[in-house]
>>> print(open('target15.pdb').read())   # PDB, C-alpha atoms and all ligand atoms
ATOM      1  CA  MET A1207     -44.938 -23.536  43.759  1.00  0.00           C
ATOM      2  CA  SER A1208     -43.708 -26.096  41.229  1.00  0.00           C
ATOM      3  CA  HIS A1209     -43.699 -29.825  41.857  1.00  0.00           C
ATOM      4  CA  ASP A1210     -42.528 -32.813  39.840  1.00  0.00           C
ATOM      5  CA  GLU A1211     -45.292 -35.386  39.558  1.00  0.00           C
ATOM      6  CA  ASN A1212     -42.823 -38.275  39.583  1.00  0.00           C
ATOM      7  CA  CYS A1213     -40.866 -37.044  42.591  1.00  0.00           C
ATOM      8  CA  ILE A1214     -41.329 -38.958  45.844  1.00  0.00           C
ATOM      9  CA  PHE A1215     -40.590 -35.917  48.037  1.00  0.00           C
ATOM     10  CA  CYS A1216     -43.060 -33.753  46.081  1.00  0.00           C
ATOM     11  CA  LYS A1217     -45.624 -36.490  46.801  1.00  0.00           C
ATOM     12  CA  ILE A1218     -44.824 -36.185  50.514  1.00  0.00           C
ATOM     13  CA  VAL A1219     -45.233 -32.376  50.313  1.00  0.00           C
ATOM     14  CA  LYS A1220     -48.613 -32.831  48.565  1.00  0.00           C
ATOM     15  CA  GLU A1221     -49.590 -35.458  51.183  1.00  0.00           C
ATOM     16  CA  GLU A1222     -50.045 -38.075  48.463  1.00  0.00           C
ATOM     17  CA  ILE A1223     -47.819 -40.419  50.422  1.00  0.00           C
ATOM     18  CA  PRO A1224     -47.458 -40.385  54.212  1.00  0.00           C
ATOM     19  CA  ALA A1225     -44.419 -39.272  56.141  1.00  0.00           C
ATOM     20  CA  SER A1226     -43.666 -38.658  59.778  1.00  0.00           C
ATOM     21  CA  VAL A1227     -43.476 -34.857  59.639  1.00  0.00           C
ATOM     22  CA  ILE A1228     -41.369 -33.167  62.300  1.00  0.00           C
ATOM     23  CA  TYR A1229     -41.487 -29.560  61.104  1.00  0.00           C
ATOM     24  CA  GLU A1230     -43.280 -27.662  58.370  1.00  0.00           C
ATOM     25  CA  ASP A1231     -43.755 -24.079  57.246  1.00  0.00           C
ATOM     26  CA  ASP A1232     -44.549 -22.386  53.921  1.00  0.00           C
ATOM     27  CA  VAL A1233     -41.098 -23.048  52.451  1.00  0.00           C
ATOM     28  CA  VAL A1234     -39.597 -26.177  54.017  1.00  0.00           C
ATOM     29  CA  MET A1235     -40.572 -29.492  55.543  1.00  0.00           C
ATOM     30  CA  ALA A1236     -38.694 -31.944  57.791  1.00  0.00           C
ATOM     31  CA  PHE A1237     -39.665 -35.598  58.111  1.00  0.00           C
ATOM     32  CA  ALA A1238     -38.196 -38.881  59.300  1.00  0.00           C
ATOM     33  CA  ASP A1239     -36.114 -40.743  56.722  1.00  0.00           C
ATOM     34  CA  ILE A1240     -37.928 -43.966  55.823  1.00  0.00           C
ATOM     35  CA  SER A1241     -34.685 -45.854  56.297  1.00  0.00           C
ATOM     36  CA  GLN A1242     -33.374 -44.758  59.694  1.00  0.00           C
ATOM     37  CA  THR A1243     -29.577 -44.894  59.354  1.00  0.00           C
ATOM     38  CA  THR A1244     -29.602 -44.094  63.068  1.00  0.00           C
ATOM     39  CA  LYS A1245     -32.454 -43.256  65.458  1.00  0.00           C
ATOM     40  CA  GLY A1246     -33.802 -39.793  64.603  1.00  0.00           C
ATOM     41  CA  HIS A1247     -32.502 -39.677  60.988  1.00  0.00           C
ATOM     42  CA  THR A1248     -34.379 -36.707  59.513  1.00  0.00           C
ATOM     43  CA  LEU A1249     -34.551 -34.993  56.108  1.00  0.00           C
ATOM     44  CA  LEU A1250     -35.029 -31.251  55.621  1.00  0.00           C
ATOM     45  CA  ILE A1251     -36.315 -30.307  52.170  1.00  0.00           C
ATOM     46  CA  PRO A1252     -37.671 -27.283  50.305  1.00  0.00           C
ATOM     47  CA  LYS A1253     -41.380 -27.735  49.553  1.00  0.00           C
ATOM     48  CA  GLU A1254     -40.794 -26.604  46.001  1.00  0.00           C
ATOM     49  CA  HIS A1255     -39.139 -29.094  43.669  1.00  0.00           C
ATOM     50  CA  GLN A1256     -35.505 -27.962  43.468  1.00  0.00           C
ATOM     51  CA  GLU A1257     -33.291 -30.783  42.339  1.00  0.00           C
ATOM     52  CA  ASP A1258     -29.987 -30.319  44.147  1.00  0.00           C
ATOM     53  CA  ILE A1259     -27.588 -27.718  45.560  1.00  0.00           C
ATOM     54  CA  TYR A1260     -26.968 -26.401  42.044  1.00  0.00           C
ATOM     55  CA  HIS A1261     -30.666 -25.605  41.612  1.00  0.00           C
ATOM     56  CA  LEU A1262     -31.461 -24.487  45.159  1.00  0.00           C
ATOM     57  CA  LYS A1263     -32.779 -20.918  45.021  1.00  0.00           C
ATOM     58  CA  GLU A1264     -30.936 -18.430  47.187  1.00  0.00           C
ATOM     59  CA  GLU A1265     -34.029 -17.379  49.120  1.00  0.00           C
ATOM     60  CA  THR A1266     -34.972 -21.022  49.694  1.00  0.00           C
ATOM     61  CA  ALA A1267     -31.452 -21.872  50.866  1.00  0.00           C
ATOM     62  CA  SER A1268     -31.442 -18.920  53.204  1.00  0.00           C
ATOM     63  CA  HIS A1269     -34.685 -20.025  54.848  1.00  0.00           C
ATOM     64  CA  LEU A1270     -33.724 -23.689  54.930  1.00  0.00           C
ATOM     65  CA  PHE A1271     -30.412 -22.977  56.649  1.00  0.00           C
ATOM     66  CA  ARG A1272     -32.113 -20.602  59.072  1.00  0.00           C
ATOM     67  CA  ILE A1273     -34.335 -23.500  60.129  1.00  0.00           C
ATOM     68  CA  ALA A1274     -31.443 -26.019  60.272  1.00  0.00           C
ATOM     69  CA  PRO A1275     -30.164 -25.063  63.768  1.00  0.00           C
ATOM     70  CA  LYS A1276     -33.706 -25.174  65.175  1.00  0.00           C
ATOM     71  CA  LEU A1277     -34.203 -28.644  63.721  1.00  0.00           C
ATOM     72  CA  ALA A1278     -30.791 -29.762  65.004  1.00  0.00           C
ATOM     73  CA  ASN A1279     -31.742 -28.598  68.497  1.00  0.00           C
ATOM     74  CA  ALA A1280     -35.129 -30.330  68.325  1.00  0.00           C
ATOM     75  CA  ILE A1281     -33.407 -33.582  67.294  1.00  0.00           C
ATOM     76  CA  LYS A1282     -30.800 -33.144  70.029  1.00  0.00           C
ATOM     77  CA  GLU A1283     -33.509 -32.650  72.632  1.00  0.00           C
ATOM     78  CA  GLU A1284     -35.663 -35.563  71.495  1.00  0.00           C
ATOM     79  CA  PHE A1285     -33.005 -38.195  70.779  1.00  0.00           C
ATOM     80  CA  GLN A1286     -30.091 -37.044  72.979  1.00  0.00           C
ATOM     81  CA  PRO A1287     -27.412 -38.168  70.498  1.00  0.00           C
ATOM     82  CA  ASP A1288     -23.715 -37.740  71.156  1.00  0.00           C
ATOM     83  CA  GLY A1289     -23.224 -36.010  67.806  1.00  0.00           C
ATOM     84  CA  LEU A1290     -25.023 -35.057  64.610  1.00  0.00           C
ATOM     85  CA  ASN A1291     -23.939 -35.320  60.958  1.00  0.00           C
ATOM     86  CA  LEU A1292     -25.502 -33.032  58.343  1.00  0.00           C
ATOM     87  CA  VAL A1293     -25.086 -34.550  54.888  1.00  0.00           C
ATOM     88  CA  ASN A1294     -26.200 -33.481  51.413  1.00  0.00           C
ATOM     89  CA  ASN A1295     -25.554 -35.654  48.355  1.00  0.00           C
ATOM     90  CA  ASN A1296     -25.572 -34.056  44.896  1.00  0.00           C
ATOM     91  CA  GLY A1297     -25.471 -36.210  41.773  1.00  0.00           C
ATOM     92  CA  LYS A1298     -25.531 -39.973  41.274  1.00  0.00           C
ATOM     93  CA  ALA A1299     -21.775 -40.189  41.753  1.00  0.00           C
ATOM     94  CA  ALA A1300     -22.257 -38.626  45.184  1.00  0.00           C
ATOM     95  CA  SER A1301     -24.988 -41.166  46.109  1.00  0.00           C
ATOM     96  CA  GLN A1302     -27.965 -38.872  45.477  1.00  0.00           C
ATOM     97  CA  ALA A1303     -30.955 -41.184  45.006  1.00  0.00           C
ATOM     98  CA  VAL A1304     -33.836 -38.699  45.300  1.00  0.00           C
ATOM     99  CA  PHE A1305     -33.425 -35.718  42.992  1.00  0.00           C
ATOM    100  CA  HIS A1306     -35.231 -33.212  45.178  1.00  0.00           C
ATOM    101  CA  TYR A1307     -32.812 -31.308  47.403  1.00  0.00           C
ATOM    102  CA  HIS A1308     -32.573 -32.692  50.945  1.00  0.00           C
ATOM    103  CA  LEU A1309     -30.292 -32.212  53.894  1.00  0.00           C
ATOM    104  CA  HIS A1310     -29.821 -35.327  56.038  1.00  0.00           C
ATOM    105  CA  PHE A1311     -29.656 -34.928  59.827  1.00  0.00           C
ATOM    106  CA  ILE A1312     -28.054 -38.116  61.128  1.00  0.00           C
ATOM    107  CA  PRO A1313     -27.753 -38.373  64.918  1.00  0.00           C
ATOM    108  CA  ARG A1314     -24.670 -40.226  66.131  1.00  0.00           C
ATOM    109  CA  TYR A1315     -24.502 -42.371  69.241  1.00  0.00           C
ATOM    110  CA  GLY A1316     -21.221 -43.306  70.897  1.00  0.00           C
ATOM    111  CA  SER A1317     -19.403 -45.730  68.649  1.00  0.00           C
ATOM    112  CA  ASP A1318     -22.306 -46.512  66.265  1.00  0.00           C
ATOM    113  CA  ASP A1319     -21.233 -47.291  62.719  1.00  0.00           C
ATOM    114  CA  GLY A1320     -24.445 -46.004  61.176  1.00  0.00           C
ATOM    115  CA  PHE A1321     -22.856 -43.588  58.745  1.00  0.00           C
ATOM    116  CA  LYS A1322     -19.566 -43.999  56.926  1.00  0.00           C
TER     117      LYS A1322
HETATM  118  P1  LIG B   1     -29.981 -39.563  49.050  1.00  0.00           P
HETATM  119  O1  LIG B   1     -29.214 -40.828  48.802  1.00  0.00           O
HETATM  120  O2  LIG B   1     -30.699 -39.083  47.799  1.00  0.00           O
HETATM  121  O3  LIG B   1     -29.143 -38.489  49.683  1.00  0.00           O
HETATM  122  O4  LIG B   1     -31.047 -39.912  50.150  1.00  0.00           O
HETATM  123  C1  LIG B   1     -32.379 -40.203  49.877  1.00  0.00           C
HETATM  124  C2  LIG B   1     -33.014 -40.576  51.189  1.00  0.00           C
HETATM  125  O5  LIG B   1     -34.409 -40.562  51.032  1.00  0.00           O
HETATM  126  C3  LIG B   1     -32.621 -41.978  51.679  1.00  0.00           C
HETATM  127  O6  LIG B   1     -32.032 -41.877  52.968  1.00  0.00           O
HETATM  128  C4  LIG B   1     -33.953 -42.719  51.717  1.00  0.00           C
HETATM  129  O7  LIG B   1     -34.063 -43.615  52.802  1.00  0.00           O
HETATM  130  C5  LIG B   1     -34.975 -41.598  51.796  1.00  0.00           C
HETATM  131  N1  LIG B   1     -36.264 -41.934  51.209  1.00  0.00           N
HETATM  132  C6  LIG B   1     -36.473 -42.487  49.979  1.00  0.00           C
HETATM  133  N2  LIG B   1     -37.784 -42.645  49.750  1.00  0.00           N
HETATM  134  C7  LIG B   1     -38.425 -42.170  50.863  1.00  0.00           C
HETATM  135  C8  LIG B   1     -39.808 -42.087  51.223  1.00  0.00           C
HETATM  136  O8  LIG B   1     -40.713 -42.460  50.475  1.00  0.00           O
HETATM  137  N3  LIG B   1     -40.093 -41.560  52.446  1.00  0.00           N
HETATM  138  C9  LIG B   1     -39.108 -41.113  53.297  1.00  0.00           C
HETATM  139  N4  LIG B   1     -39.497 -40.630  54.470  1.00  0.00           N
HETATM  140  N5  LIG B   1     -37.797 -41.200  52.979  1.00  0.00           N
HETATM  141  C10 LIG B   1     -37.454 -41.719  51.779  1.00  0.00           C
HETATM  142 ZN    ZN B   2     -39.708 -32.970  44.174  1.00  0.00          ZN
END
>>> encode(input="target15.pdb", output="structure tokens")
Amino acid sequence: MSHDENCIFCKIVKEEIPASVIYEDDVVMAFADISQTTKGHTLLIPKEHQEDIYHLKEETASHLFRIAPKLANAIKEEFQPDGLNLVNNNGKAASQAVFHYHLHFIPRYGSDDGFK
């Protein structure tokens, strides 16, 4: 599995920096976003370094999106939000800051203004 030594999410996968891990298997990992846009804000990533949606391998995408509903249900159960946004930014112009593919799970509560 290939990693990028300068990538912060690869460092999380390699346990070089800590993260609050919610789910993990051979292919993907889910952990709490360090900056909680709303309570329960979680990131789902491939363990392999794949930069963005354009580079996401088909077999990785298929596994990641098979896990997505399970993660959504786990978040729903734990945080009891009123709604849930799934967001994926690709490219600087789209606000991508970490160039290792990640899908944001952002729970929404009533009239919160946590995500615009
Ligand atoms: P992007 O703007 O690339 O879609 O989102 C990157 C996300 O990664 C941001 O929500 C940011 O808070 C999160 N993030 C950046 N560095 C770290 C880190 O070291 N640990 C964790 N858990 N999240 C991070
Ligand atoms: Zn990476």
>>> atom_distance(input="target15.pdb", atom1="atom CA of A:Leu1270", atom2="atom CA of A:Val1234")
6.4 Å
>>> closest_residue(input="target15.pdb", among="A:Phe1237, A:Tyr1229, A:Tyr1260, A:Phe1271", to="ligand LIG 1 (chain B)", atoms="all atoms listed in the file")
A:Phe1237
>>> closest_residue(input="target15.pdb", among="A:Pro1313, A:Ala1225, A:Met1207, A:Cys1213", to="A:Ala1280", atoms="only C-alpha atoms")
A:Pro1313
>>> resolve_selection(input="target15.pdb", expression="the PyMOL selection byres (((not hetatm)) within 6 of (chain B and resi 2))", output="number ranges by chain")
A: 1209-1210, 1213, 1215-1216, 1255, 1306
>>> closest_atom_pairs(input="target15.pdb", of="chain A", to="ligand LIG 1 (chain B)", cutoff="6 Å", atoms="all atoms listed in the file", output="Markdown table")
| residue | atom | partner | partner_atom | distance |
| --- | --- | --- | --- | --- |
| A:Ile1214 | CA | B:LIG1 | O8 | 5.8 |
| A:Ala1225 | CA | B:LIG1 | N4 | 5.4 |
| A:Ala1238 | CA | B:LIG1 | N4 | 5.3 |
| A:Asp1239 | CA | B:LIG1 | N4 | 4.1 |
| A:Ile1240 | CA | B:LIG1 | N4 | 3.9 |
| A:Ser1241 | CA | B:LIG1 | O7 | 4.2 |
| A:Asn1295 | CA | B:LIG1 | O3 | 4.8 |
| A:Ser1301 | CA | B:LIG1 | O1 | 5.0 |
| A:Gln1302 | CA | B:LIG1 | O2 | 3.6 |
| A:Ala1303 | CA | B:LIG1 | O2 | 3.5 |
| A:Val1304 | CA | B:LIG1 | O2 | 4.0 |
>>> resolve_selection(input="target15.pdb", expression="the PyMOL selection byres (((chain A and resi 1281-1286) around 10) and not hetatm)", output="list in words")
Ile1228, Lys1245, Gly1246, His1247, Thr1248, Pro1275, Lys1276, Leu1277, Ala1278, Asn1279, Ala1280, Pro1287, Asp1288, Gly1289, Leu1290, Phe1311, Ile1312, Pro1313, Arg1314 and Tyr1315 of chain A
>>> build_atoms(input="target15.pdb", residues="stretch 1235-1258 of chain A", atoms="N, CA and C atoms", output="compact mmCIF listing (two decimals), in the coordinates of the input")
# COMPACT_ATOMS: atom_id res chain seq x y z
N MET A 1235 -39.92 -28.42 54.80
CA MET A 1235 -40.57 -29.49 55.54
C MET A 1235 -39.47 -30.43 56.05
N ALA A 1236 -39.64 -30.95 57.26
CA ALA A 1236 -38.69 -31.94 57.79
C ALA A 1236 -39.49 -33.18 58.19
N PHE A 1237 -38.97 -34.34 57.79
CA PHE A 1237 -39.66 -35.60 58.11
C PHE A 1237 -38.64 -36.70 58.33
N ALA A 1238 -39.08 -37.75 59.01
CA ALA A 1238 -38.20 -38.88 59.30
C ALA A 1238 -37.82 -39.61 58.02
N ASP A 1239 -36.55 -39.92 57.85
CA ASP A 1239 -36.11 -40.74 56.72
C ASP A 1239 -36.74 -42.13 56.88
N ILE A 1240 -37.24 -42.67 55.77
CA ILE A 1240 -37.93 -43.97 55.82
C ILE A 1240 -36.96 -45.08 56.24
N SER A 1241 -35.70 -44.88 55.92
CA SER A 1241 -34.68 -45.85 56.30
C SER A 1241 -33.76 -45.18 57.33
N GLN A 1242 -34.06 -45.44 58.59
CA GLN A 1242 -33.37 -44.76 59.69
C GLN A 1242 -31.94 -45.26 59.84
N THR A 1243 -31.00 -44.54 59.23
CA THR A 1243 -29.58 -44.89 59.35
C THR A 1243 -29.21 -44.99 60.83
N THR A 1244 -29.67 -44.02 61.60
CA THR A 1244 -29.60 -44.09 63.07
C THR A 1244 -30.92 -43.52 63.58
N LYS A 1245 -31.20 -43.73 64.86
CA LYS A 1245 -32.45 -43.26 65.46
C LYS A 1245 -32.53 -41.73 65.36
N GLY A 1246 -33.61 -41.24 64.73
CA GLY A 1246 -33.80 -39.79 64.60
C GLY A 1246 -33.37 -39.23 63.25
N HIS A 1247 -32.93 -40.11 62.33
CA HIS A 1247 -32.50 -39.68 60.99
C HIS A 1247 -33.65 -38.89 60.32
N THR A 1248 -33.35 -37.64 59.99
CA THR A 1248 -34.38 -36.71 59.51
C THR A 1248 -33.90 -36.03 58.23
N LEU A 1249 -34.86 -35.71 57.35
CA LEU A 1249 -34.55 -34.99 56.11
C LEU A 1249 -35.22 -33.63 56.13
N LEU A 1250 -34.48 -32.60 55.75
CA LEU A 1250 -35.03 -31.25 55.62
C LEU A 1250 -35.02 -30.90 54.14
N ILE A 1251 -36.19 -30.55 53.62
CA ILE A 1251 -36.32 -30.31 52.17
C ILE A 1251 -37.04 -28.98 51.90
N PRO A 1252 -36.80 -28.38 50.73
CA PRO A 1252 -37.67 -27.28 50.30
C PRO A 1252 -38.99 -27.89 49.84
N LYS A 1253 -40.10 -27.19 50.03
CA LYS A 1253 -41.38 -27.74 49.55
C LYS A 1253 -41.46 -27.69 48.03
N GLU A 1254 -40.82 -26.70 47.46
CA GLU A 1254 -40.79 -26.60 46.00
C GLU A 1254 -39.80 -27.61 45.46
N HIS A 1255 -40.07 -28.15 44.28
CA HIS A 1255 -39.14 -29.09 43.67
C HIS A 1255 -37.90 -28.36 43.15
N GLN A 1256 -36.81 -28.50 43.88
CA GLN A 1256 -35.51 -27.96 43.47
C GLN A 1256 -34.54 -29.13 43.61
N GLU A 1257 -33.93 -29.48 42.48
CA GLU A 1257 -33.29 -30.78 42.34
C GLU A 1257 -32.11 -31.05 43.28
N ASP A 1258 -31.23 -30.10 43.39
CA ASP A 1258 -29.99 -30.32 44.15
C ASP A 1258 -29.40 -28.96 44.51
